[in-house]
$ cat run.cif   # mmCIF, C-alpha atoms
data_my_file
loop_
_atom_site.label_atom_id
_atom_site.label_comp_id
_atom_site.auth_asym_id
_atom_site.auth_seq_id
_atom_site.Cartn_x
_atom_site.Cartn_y
_atom_site.Cartn_z
CA MET P 20 -23.22 80.59 -27.00
CA GLU P 21 -21.57 82.06 -23.92
CA ALA P 22 -18.77 79.45 -23.59
CA GLY P 23 -18.08 78.91 -27.28
CA TYR P 24 -17.31 75.81 -29.30
CA ASP P 25 -15.10 74.20 -26.57
CA SER P 26 -18.09 73.92 -24.24
CA LEU P 27 -19.63 71.33 -26.56
CA LEU P 28 -16.79 68.90 -25.78
CA HIS P 29 -17.57 68.58 -22.06
CA ASP P 30 -20.70 68.08 -19.96
CA LYS P 31 -21.67 71.02 -17.86
CA THR P 32 -21.07 70.61 -14.13
CA ARG P 33 -24.22 69.55 -12.34
CA SER P 34 -25.23 68.29 -8.93
CA SER P 35 -24.84 64.63 -8.03
CA ARG P 36 -27.74 62.29 -8.67
CA ILE P 37 -27.22 60.97 -5.12
CA PRO P 38 -28.63 63.44 -2.59
CA PRO P 39 -26.32 64.23 0.32
CA LEU P 40 -26.99 62.54 3.64
CA ALA P 41 -28.50 64.54 6.44
CA SER P 42 -26.17 65.86 9.10
CA GLY P 43 -25.39 63.36 11.80
CA VAL P 44 -26.34 60.29 9.74
CA THR P 45 -22.74 59.25 9.15
CA GLU P 46 -21.84 59.58 12.84
CA ARG P 47 -24.93 57.59 13.85
CA VAL P 48 -24.10 54.77 11.42
CA MET P 49 -20.51 54.61 12.66
CA THR P 50 -21.64 54.52 16.29
CA LEU P 51 -24.27 51.84 15.72
CA THR P 52 -21.83 49.69 13.71
CA GLN P 53 -19.60 49.33 16.76
CA THR P 54 -22.48 48.18 18.98
CA THR P 55 -24.47 44.95 19.19
CA PRO P 56 -27.40 44.73 16.76
CA PRO P 57 -30.88 44.89 18.37
CA THR P 58 -31.88 41.61 16.71
CA GLU P 59 -30.63 38.06 17.21
CA ALA P 60 -27.54 38.58 15.09
CA THR P 61 -23.82 38.69 15.83
CA HIS P 62 -23.02 41.65 13.57
CA TRP P 63 -24.59 44.37 11.46
CA THR P 64 -25.42 43.91 7.78
CA SER P 65 -25.93 46.77 5.33
CA ALA P 66 -29.62 45.89 5.02
CA MET P 67 -30.12 45.92 8.81
CA MET P 68 -28.28 49.21 9.19
CA ALA P 69 -30.20 50.77 6.30
CA LYS P 70 -33.52 49.88 7.94
CA VAL P 71 -32.51 51.31 11.30
CA GLY P 72 -30.82 54.40 9.87
CA GLY P 73 -33.48 55.21 7.33
CA ILE P 74 -31.02 55.29 4.41
CA SER P 75 -30.21 53.00 1.52
CA ALA P 76 -27.95 49.96 1.83
CA SER P 77 -25.56 51.45 -0.73
CA SER P 78 -25.21 54.56 1.46
CA VAL P 79 -24.34 52.36 4.43
CA GLN P 80 -21.74 50.56 2.35
CA ARG P 81 -20.20 53.87 1.23
CA ILE P 82 -19.95 55.05 4.85
CA TRP P 83 -18.33 51.80 5.94
CA ARG P 84 -15.93 51.88 3.02
CA ALA P 85 -14.94 55.51 3.66
CA HIS P 86 -14.21 54.85 7.35
CA GLY P 87 -12.62 51.42 7.01
CA LEU P 88 -15.37 49.51 8.84
CA ARG P 89 -15.92 45.83 7.96
CA PRO P 90 -18.50 44.34 10.32
CA HIS P 91 -18.78 41.18 8.20
CA ARG P 92 -15.17 40.26 8.92
CA VAL P 93 -13.47 39.12 12.13
CA LYS P 94 -9.85 38.23 12.87
CA GLN P 95 -8.87 35.50 15.29
CA PHE P 96 -6.22 35.91 17.97
CA LYS P 97 -4.80 34.17 21.01
CA LEU P 98 -2.56 35.89 23.55
CA SER P 99 -0.04 33.78 25.37
CA THR P 100 -0.47 33.64 29.15
CA ASP P 101 2.90 31.98 29.71
CA PRO P 102 4.60 33.70 32.69
CA ARG P 103 7.97 33.09 30.98
CA PHE P 104 6.82 34.40 27.61
CA VAL P 105 9.60 36.98 27.27
CA ASP P 106 12.39 34.57 28.25
CA LYS P 107 11.17 31.81 25.91
CA LEU P 108 10.65 34.26 23.05
CA ARG P 109 14.16 35.66 23.33
CA ASP P 110 15.59 32.15 23.65
CA VAL P 111 13.94 30.89 20.47
CA VAL P 112 14.57 34.07 18.45
CA GLY P 113 18.18 33.98 19.61
CA LEU P 114 18.56 30.53 18.06
CA TYR P 115 17.14 31.83 14.79
CA VAL P 116 19.22 35.01 14.64
CA ASP P 117 22.48 33.86 16.22
CA PRO P 118 22.68 30.04 16.32
CA PRO P 119 25.44 28.47 18.42
CA ALA P 120 28.67 27.46 16.69
CA HIS P 121 29.15 23.78 15.80
CA ALA P 122 25.47 23.11 16.38
CA VAL P 123 22.32 22.31 14.42
CA VAL P 124 19.08 24.18 15.15
CA LEU P 125 15.97 22.14 14.35
CA SER P 126 12.37 23.30 14.45
CA VAL P 127 10.41 20.16 15.37
CA ASP P 128 6.68 19.51 15.35
CA GLU P 129 4.04 17.14 13.97
CA LYS P 130 1.09 17.74 11.66
CA SER P 131 -1.46 15.25 12.91
CA GLN P 132 -4.62 13.76 11.42
CA ILE P 133 -3.81 14.42 7.78
CA GLN P 134 -6.74 12.86 5.94
CA ALA P 135 -6.46 10.80 2.77
CA LEU P 136 -9.48 12.21 0.94
CA ASP P 137 -10.90 11.02 -2.36
CA ARG P 138 -13.64 12.93 -4.19
CA THR P 139 -16.94 11.22 -4.97
CA GLN P 140 -16.88 12.41 -8.60
CA PRO P 141 -14.10 13.53 -10.93
CA GLY P 142 -13.75 17.28 -11.29
CA LEU P 143 -13.55 19.34 -14.46
CA PRO P 144 -10.26 20.93 -15.54
CA MET P 145 -9.70 24.67 -15.63
CA LYS P 146 -10.35 26.48 -18.90
CA LYS P 147 -10.84 30.04 -20.09
CA GLY P 148 -13.64 31.65 -18.13
CA ARG P 149 -14.05 28.74 -15.70
CA ALA P 150 -12.09 27.63 -12.66
CA GLY P 151 -11.33 23.99 -12.01
CA THR P 152 -14.07 22.13 -10.16
CA MET P 153 -14.11 19.69 -7.26
CA THR P 154 -16.99 18.06 -5.41
CA HIS P 155 -17.71 19.36 -1.93
CA ASP P 156 -18.12 15.83 -0.52
CA TYR P 157 -15.42 13.20 -0.22
CA LYS P 158 -14.49 9.71 0.88
CA ARG P 159 -12.15 9.17 3.80
CA HIS P 160 -9.45 6.52 3.48
CA GLY P 161 -7.68 7.01 6.81
CA THR P 162 -5.22 9.46 8.32
CA THR P 163 -1.50 9.86 8.87
CA THR P 164 0.72 12.08 11.03
CA LEU P 165 3.79 13.83 9.66
CA PHE P 166 6.68 14.38 12.07
CA ALA P 167 9.04 17.01 10.67
CA ALA P 168 12.27 18.72 11.69
CA LEU P 169 13.25 21.87 9.79
CA ASN P 170 16.96 22.67 9.76
CA VAL P 171 16.95 26.42 10.30
CA LEU P 172 20.47 26.86 8.92
CA ASP P 173 19.94 25.34 5.47
CA GLY P 174 16.14 24.90 5.20
CA THR P 175 16.11 21.13 4.69
CA VAL P 176 13.39 19.02 6.28
CA ILE P 177 13.57 15.58 7.86
CA GLY P 178 10.11 14.04 7.69
CA ARG P 179 8.57 10.75 8.80
CA ASN P 180 4.98 9.55 8.45
CA MET P 181 3.48 7.75 11.45
CA GLN P 182 0.04 6.29 12.06
CA ARG P 183 -0.29 7.96 15.46
CA HIS P 184 1.34 10.82 17.36
CA ARG P 185 2.09 9.42 20.79
CA HIS P 186 5.37 9.66 22.67
CA GLN P 187 6.43 6.30 21.20
CA GLU P 188 6.23 7.68 17.66
CA PHE P 189 7.94 10.90 18.72
CA ILE P 190 10.88 8.96 20.17
CA ARG P 191 11.12 6.92 16.95
CA PHE P 192 11.30 10.17 15.03
CA LEU P 193 13.99 11.53 17.35
CA ASN P 194 16.02 8.38 16.72
CA ALA P 195 15.67 8.92 12.97
CA VAL P 196 16.89 12.51 13.29
CA GLU P 197 19.73 11.38 15.55
CA THR P 198 21.12 9.13 12.82
CA GLN P 199 21.04 11.90 10.19
CA VAL P 200 22.81 14.65 12.15
CA PRO P 201 26.63 14.36 12.27
CA ALA P 202 27.86 13.03 15.61
CA ARG P 203 30.11 16.04 16.27
CA LYS P 204 27.18 18.50 16.16
CA GLN P 205 25.12 19.65 19.11
CA ILE P 206 21.36 19.65 18.45
CA HIS P 207 19.07 22.44 19.64
CA ALA P 208 15.43 21.46 19.01
CA ILE P 209 12.61 24.02 19.14
CA VAL P 210 9.35 22.32 20.17
CA ASP P 211 5.96 23.41 21.43
CA ASN P 212 4.27 22.49 24.72
CA TYR P 213 2.38 19.44 23.44
CA ALA P 214 2.24 16.78 26.18
CA THR P 215 4.02 14.24 23.97
CA HIS P 216 7.15 16.42 23.91
CA LYS P 217 7.29 16.47 27.73
CA HIS P 218 6.47 12.81 28.38
CA PRO P 219 8.68 11.12 31.04
CA LYS P 220 9.93 8.61 28.43
CA VAL P 221 10.98 11.51 26.21
CA ARG P 222 12.83 13.08 29.14
CA GLN P 223 14.62 9.80 29.70
CA TRP P 224 15.57 9.70 26.04
CA LEU P 225 17.02 13.21 26.31
CA ALA P 226 19.04 12.16 29.36
CA ARG P 227 20.60 9.35 27.29
CA HIS P 228 21.40 11.78 24.46
CA PRO P 229 23.19 14.72 26.09
CA ARG P 230 23.89 16.52 22.81
CA TRP P 231 20.15 17.26 22.47
CA THR P 232 18.63 20.39 24.06
CA PHE P 233 14.93 21.19 23.91
CA HIS P 234 13.80 24.82 23.70
CA PHE P 235 10.06 25.19 24.33
CA THR P 236 8.01 27.93 22.70
CA PRO P 237 5.61 29.90 24.94
CA THR P 238 2.13 28.49 25.33
CA SER P 239 -0.30 29.56 22.59
CA ALA P 240 2.65 30.68 20.44
CA SER P 241 3.05 27.94 17.86
CA TRP P 242 3.59 30.70 15.25
CA LEU P 243 7.08 31.00 16.74
CA ASN P 244 7.98 27.52 15.46
CA ALA P 245 9.56 27.82 12.01
CA VAL P 246 8.38 24.40 10.82
CA GLU P 247 4.78 25.66 10.88
CA GLY P 248 5.60 27.58 7.71
CA PHE P 249 6.57 24.33 6.00
CA PHE P 250 3.33 22.70 7.16
CA ALA P 251 1.33 25.61 5.74
CA LYS P 252 3.16 25.29 2.43
CA LEU P 253 2.51 21.55 2.36
CA ALA P 254 -1.20 21.96 3.09
CA LYS P 255 -1.73 24.75 0.56
CA ARG P 256 0.26 23.32 -2.34
CA ARG P 257 -0.19 19.56 -1.98
CA LEU P 258 -2.89 18.51 0.46
CA LYS P 259 -5.82 20.92 0.08
CA ARG P 260 -6.72 19.94 -3.50
CA GLY P 261 -5.10 16.52 -3.42
CA ILE P 262 -6.95 13.32 -4.26
CA PHE P 263 -5.66 10.25 -2.42
CA LEU P 264 -7.01 6.74 -2.81
CA SER P 265 -5.33 5.37 0.32
CA VAL P 266 -3.11 6.31 3.24
CA VAL P 267 -0.14 4.85 1.38
CA ASP P 268 -0.93 7.13 -1.56
CA LEU P 269 -1.09 10.12 0.81
CA GLN P 270 2.20 9.25 2.50
CA ALA P 271 3.94 8.79 -0.85
CA ALA P 272 2.75 12.23 -1.96
CA ILE P 273 4.03 13.81 1.27
CA ASN P 274 7.40 12.09 0.90
CA ARG P 275 7.74 13.32 -2.68
CA PHE P 276 6.91 16.85 -1.53
CA VAL P 277 9.63 16.68 1.14
CA ILE P 278 12.17 15.43 -1.40
CA GLU P 279 11.23 18.20 -3.82
CA HIS P 280 11.51 20.78 -1.03
CA ASN P 281 14.96 19.52 -0.03
CA ALA P 282 16.18 19.76 -3.63
CA LYS P 283 16.04 23.57 -3.43
CA PRO P 284 15.95 24.50 0.26
CA LYS P 285 16.11 28.04 1.58
CA PRO P 286 17.56 28.90 5.00
CA PHE P 287 15.02 30.22 7.48
CA THR P 288 15.46 33.94 8.15
CA TRP P 289 13.85 35.61 11.16
CA THR P 290 13.01 39.28 10.53
CA ALA P 291 10.53 40.32 13.26
CA ASP P 292 11.77 42.48 16.14
CA PRO P 293 11.17 40.60 19.43
CA ASP P 294 10.79 43.88 21.33
CA LYS P 295 7.87 44.87 19.08
CA ILE P 296 6.28 41.45 19.64
CA ILE P 297 6.59 41.85 23.41
CA GLN P 298 5.07 45.33 23.26
CA ALA P 299 2.17 44.10 21.10
CA VAL P 300 1.43 41.25 23.53
CA ARG P 301 1.48 43.63 26.48
CA ARG P 302 -0.92 46.01 24.69
CA GLY P 303 -3.20 43.07 23.99
CA HIS P 304 -3.26 42.08 27.65
CA GLN P 305 -3.96 45.67 28.67
CA VAL P 306 -6.95 45.80 26.32
CA LEU P 307 -8.28 42.48 27.62
CA ASP P 308 -7.87 43.66 31.22
CA SER P 309 -9.71 46.90 30.46
CA ILE P 310 -12.59 44.95 28.91
CA HIS P 311 -12.91 42.64 31.92
#
$ encode --input "run.cif" --output "structure tokens"
Amino acid sequence: MEAGYDSLLHDKTRSSRIPPLASGVTERVMTLTQTTPPTEATHWTSAMMAKVGGISASSVQRIWRAHGLRPHRVKQFKLSTDPRFVDKLRDVVGLYVDPPAHAVVLSVDEKSQIQALDRTQPGLPMKKGRAGTMTHDYKRHGTTTLFAALNVLDGTVIGRNMQRHRHQEFIRFLNAVETQVPARKQIHAIVDNYATHKHPKVRQWLARHPRWTFHFTPTSASWLNAVEGFFAKLAKRRLKRGIFLSVVDLQAAINRFVIEHNAKPKPFTWTADPDKIIQAVRRGHQVLDSIH
């Protein structure tokens, strides 16, 4: 009667059904979350925290959500300890950003132990309201290793499947690349520190082919090699859900994927600032040193 007819259209303001937390509870939960749990566990759960804090699990989850805490998640990292990290980084990034004239820049690596997996039972197709299915177990039919060289300038890939990934197979792959690159071009190959790439026989091969120059990425910095992006694309789009009845079937699928990729290649473009990468690595080392 006091507010009139319009007051019937809206609920009257009332207190929340969830009682407010006592003072200091939020700070205590945040502090405990960043410590080791008192039980034999690696991280806190909402139920564990609720029992210790004397509040409900939903209250713990609201506190974590409001302050951006995710104790159930962890991110992996690996800092390079290469003493020449800065020099190698600038060398490789320089090839990406400003490649030499009359030269070909290749990002070279191998994806080893690719398994030819067959499922024990046929899966069901996707339909409305249900995702496609696949059995968790599988049959192994052997493995193969893909040697690949990504042309940074045009995005094409030269790929060869090998049974093993020794220096003998690596030299065979280098010979295959040698025949496909025009003779008048210098070749700058970006490779990681895998022992096969530094084998004495490989060094002898490089001495006999003076137009080749190897540029090594820093240790524990395979993310700097552009061909890793192609490997990730191959694994995600063709291998992860693939069903292969034999190694030959697997190799044929990989070869078709490479051909399809080369039909519409995209040049590799480097966008990250190397100075910011160097600063981030230095901050990481400072944090590790402070912990130790």
$ residues_near_point --input "run.cif" --point "(8.9, 18.0, 24.2)" --cutoff "10 Å" --atoms "only C-alpha atoms" --output "list in words"
Val127, Asp128, His186, Phe189, Ala208, Ile209, Val210, Asp211, Asn212, Tyr213, Ala214, Thr215, His216, Lys217, His218, Pro219, Val221, Arg222, Leu225, Phe233, His234 and Phe235 of chain P
$ closest_residue --input "run.cif" --among "P:Ala195, P:Ala135, P:Ile37, P:Ile206" --to "P:Ala271" --atoms "all atoms listed in the file"
P:Ala135
$ closest_residue --input "run.cif" --among "P:Met181, P:Ile82, P:Ile296, P:Val176" --to "P:Leu243" --atoms "all atoms listed in the file"
P:Ile296
$ residues_around --input "run.cif" --residues "stretch 61-66 of chain P" --least-positions-apart "2" --cutoff "8 Å" --atoms "only C-alpha atoms" --output "ChimeraX atom specification"
/P:52,55-56,59,68-70,75-77,79-80,90-91
$ resolve_selection --input "run.cif" --expression "the PyMOL selection byres ((chain P and resi 134) around 9)" --output "mmCIF file with C-alpha atoms, in the coordinates of the input"
data_model
loop_
_atom_site.group_PDB
_atom_site.id
_atom_site.type_symbol
_atom_site.label_atom_id
_atom_site.label_comp_id
_atom_site.auth_asym_id
_atom_site.auth_seq_id
_atom_site.Cartn_x
_atom_site.Cartn_y
_atom_site.Cartn_z
ATOM 1 C CA GLN P 132 -4.620 13.760 11.420
ATOM 2 C CA ILE P 133 -3.810 14.420 7.780
ATOM 3 C CA ALA P 135 -6.460 10.800 2.770
ATOM 4 C CA LEU P 136 -9.480 12.210 0.940
ATOM 5 C CA ARG P 159 -12.150 9.170 3.800
ATOM 6 C CA HIS P 160 -9.450 6.520 3.480
ATOM 7 C CA GLY P 161 -7.680 7.010 6.810
ATOM 8 C CA THR P 162 -5.220 9.460 8.320
ATOM 9 C CA THR P 163 -1.500 9.860 8.870
ATOM 10 C CA LEU P 258 -2.890 18.510 0.460
ATOM 11 C CA PHE P 263 -5.660 10.250 -2.420
ATOM 12 C CA VAL P 266 -3.110 6.310 3.240
ATOM 13 C CA LEU P 269 -1.090 10.120 0.810
#
$ resolve_selection --input "run.cif" --expression "the PyMOL selection byres ((chain P and resi 239) around 7)" --output "short mmCIF file (atom, residue, chain, number, x, y, z; two decimals) with C-alpha atoms, in the coordinates of the input"
data_model
loop_
_atom_site.label_atom_id
_atom_site.label_comp_id
_atom_site.auth_asym_id
_atom_site.auth_seq_id
_atom_site.Cartn_x
_atom_site.Cartn_y
_atom_site.Cartn_z
CA LYS P 97 -4.80 34.17 21.01
CA LEU P 98 -2.56 35.89 23.55
CA SER P 99 -0.04 33.78 25.37
CA PRO P 237 5.61 29.90 24.94
CA THR P 238 2.13 28.49 25.33
CA ALA P 240 2.65 30.68 20.44
CA SER P 241 3.05 27.94 17.86
#
$ atom_distance --input "run.cif" --atom1 "atom CA of P:His280" --atom2 "atom CA of P:Arg183"
24.0 Å
$ residues_around --input "run.cif" --residues "P:Lys285" --least-positions-apart "4" --cutoff "10 Å" --atoms "only C-alpha atoms" --output "PDB file with C-alpha atoms, in the coordinates of the input"
ATOM      1  CA  ASN P 170      16.960  22.670   9.760  1.00  0.00           C
ATOM      2  CA  VAL P 171      16.950  26.420  10.300  1.00  0.00           C
ATOM      3  CA  LEU P 172      20.470  26.860   8.920  1.00  0.00           C
ATOM      4  CA  ASP P 173      19.940  25.340   5.470  1.00  0.00           C
ATOM      5  CA  GLY P 174      16.140  24.900   5.200  1.00  0.00           C
ATOM      6  CA  THR P 175      16.110  21.130   4.690  1.00  0.00           C
ATOM      7  CA  HIS P 280      11.510  20.780  -1.030  1.00  0.00           C
ATOM      8  CA  ASN P 281      14.960  19.520  -0.030  1.00  0.00           C
TER       9      ASN P 281
END
$ closest_residue --input "run.cif" --among "P:Phe287, P:Arg260, P:Gln187, P:Phe166" --to "P:Tyr115" --atoms "all atoms listed in the file"
P:Phe287
$ build_atoms --input "run.cif" --residues "stretch 264-286 of chain P" --atoms "N, CA, C and O atoms" --output "mmCIF file, in the frame of the given file"
data_model
loop_
_atom_site.group_PDB
_atom_site.id
_atom_site.type_symbol
_atom_site.label_atom_id
_atom_site.label_comp_id
_atom_site.auth_asym_id
_atom_site.auth_seq_id
_atom_site.Cartn_x
_atom_site.Cartn_y
_atom_site.Cartn_z
ATOM 1 N N LEU P 264 -6.195 7.944 -2.833
ATOM 2 C CA LEU P 264 -7.010 6.740 -2.810
ATOM 3 C C LEU P 264 -6.746 5.868 -1.597
ATOM 4 O O LEU P 264 -7.498 4.933 -1.340
ATOM 5 N N SER P 265 -5.674 6.162 -0.858
ATOM 6 C CA SER P 265 -5.330 5.370 0.320
ATOM 7 C C SER P 265 -4.349 6.159 1.163
ATOM 8 O O SER P 265 -3.798 7.187 0.722
ATOM 9 N N VAL P 266 -4.095 5.674 2.375
ATOM 10 C CA VAL P 266 -3.110 6.310 3.240
ATOM 11 C C VAL P 266 -1.716 6.184 2.636
ATOM 12 O O VAL P 266 -0.897 7.102 2.717
ATOM 13 N N VAL P 267 -1.439 5.050 2.024
ATOM 14 C CA VAL P 267 -0.140 4.850 1.380
ATOM 15 C C VAL P 267 0.060 5.878 0.262
ATOM 16 O O VAL P 267 1.153 6.444 0.099
ATOM 17 N N ASP P 268 -0.986 6.130 -0.500
ATOM 18 C CA ASP P 268 -0.930 7.130 -1.560
ATOM 19 C C ASP P 268 -0.650 8.515 -0.976
ATOM 20 O O ASP P 268 0.148 9.301 -1.513
ATOM 21 N N LEU P 269 -1.304 8.835 0.138
ATOM 22 C CA LEU P 269 -1.090 10.120 0.810
ATOM 23 C C LEU P 269 0.352 10.237 1.319
ATOM 24 O O LEU P 269 1.010 11.267 1.119
ATOM 25 N N GLN P 270 0.842 9.209 1.967
ATOM 26 C CA GLN P 270 2.200 9.250 2.500
ATOM 27 C C GLN P 270 3.241 9.369 1.386
ATOM 28 O O GLN P 270 4.242 10.086 1.533
ATOM 29 N N ALA P 271 3.010 8.687 0.277
ATOM 30 C CA ALA P 271 3.940 8.790 -0.850
ATOM 31 C C ALA P 271 3.972 10.209 -1.397
ATOM 32 O O ALA P 271 5.035 10.735 -1.743
ATOM 33 N N ALA P 272 2.806 10.852 -1.475
ATOM 34 C CA ALA P 272 2.750 12.230 -1.960
ATOM 35 C C ALA P 272 3.494 13.174 -1.012
ATOM 36 O O ALA P 272 4.212 14.080 -1.456
ATOM 37 N N ILE P 273 3.322 12.968 0.291
ATOM 38 C CA ILE P 273 4.030 13.810 1.270
ATOM 39 C C ILE P 273 5.535 13.605 1.158
ATOM 40 O O ILE P 273 6.323 14.566 1.180
ATOM 41 N N ASN P 274 5.973 12.364 1.014
ATOM 42 C CA ASN P 274 7.400 12.090 0.900
ATOM 43 C C ASN P 274 7.996 12.725 -0.357
ATOM 44 O O ASN P 274 9.109 13.270 -0.325
ATOM 45 N N ARG P 275 7.249 12.678 -1.454
ATOM 46 C CA ARG P 275 7.740 13.320 -2.680
ATOM 47 C C ARG P 275 7.839 14.833 -2.505
ATOM 48 O O ARG P 275 8.775 15.463 -3.006
ATOM 49 N N PHE P 276 6.875 15.406 -1.780
ATOM 50 C CA PHE P 276 6.910 16.850 -1.530
ATOM 51 C C PHE P 276 8.133 17.217 -0.703
ATOM 52 O O PHE P 276 8.795 18.230 -0.977
ATOM 53 N N VAL P 277 8.448 16.406 0.307
ATOM 54 C CA VAL P 277 9.630 16.680 1.140
ATOM 55 C C VAL P 277 10.903 16.584 0.309
ATOM 56 O O VAL P 277 11.808 17.428 0.430
ATOM 57 N N ILE P 278 10.991 15.574 -0.553
ATOM 58 C CA ILE P 278 12.170 15.430 -1.400
ATOM 59 C C ILE P 278 12.312 16.622 -2.344
ATOM 60 O O ILE P 278 13.412 17.164 -2.543
ATOM 61 N N GLU P 279 11.201 17.042 -2.920
ATOM 62 C CA GLU P 279 11.230 18.200 -3.820
ATOM 63 C C GLU P 279 11.627 19.463 -3.072
ATOM 64 O O GLU P 279 12.368 20.311 -3.601
ATOM 65 N N HIS P 280 11.133 19.622 -1.849
ATOM 66 C CA HIS P 280 11.510 20.780 -1.030
ATOM 67 C C HIS P 280 13.005 20.773 -0.736
ATOM 68 O O HIS P 280 13.660 21.826 -0.805
ATOM 69 N N ASN P 281 13.543 19.616 -0.393
ATOM 70 C CA ASN P 281 14.960 19.520 -0.030
ATOM 71 C C ASN P 281 15.887 19.690 -1.232
ATOM 72 O O ASN P 281 17.095 19.914 -1.063
ATOM 73 N N ALA P 282 15.348 19.566 -2.448
ATOM 74 C CA ALA P 282 16.180 19.760 -3.630
ATOM 75 C C ALA P 282 16.599 21.219 -3.781
ATOM 76 O O ALA P 282 17.694 21.506 -4.285
ATOM 77 N N LYS P 283 15.729 22.141 -3.367
ATOM 78 C CA LYS P 283 16.040 23.570 -3.430
ATOM 79 C C LYS P 283 15.643 24.242 -2.114
ATOM 80 O O LYS P 283 14.703 25.046 -2.059
ATOM 81 N N PRO P 284 16.338 23.922 -1.038
ATOM 82 C CA PRO P 284 15.950 24.500 0.260
ATOM 83 C C PRO P 284 16.407 25.947 0.393
ATOM 84 O O PRO P 284 17.326 26.401 -0.298
ATOM 85 N N LYS P 285 15.734 26.664 1.279
ATOM 86 C CA LYS P 285 16.110 28.040 1.580
ATOM 87 C C LYS P 285 16.263 28.177 3.095
ATOM 88 O O LYS P 285 15.368 27.773 3.846
ATOM 89 N N PRO P 286 17.379 28.721 3.550
ATOM 90 C CA PRO P 286 17.560 28.900 5.000
ATOM 91 C C PRO P 286 16.445 29.764 5.585
ATOM 92 O O PRO P 286 15.952 30.688 4.944
#
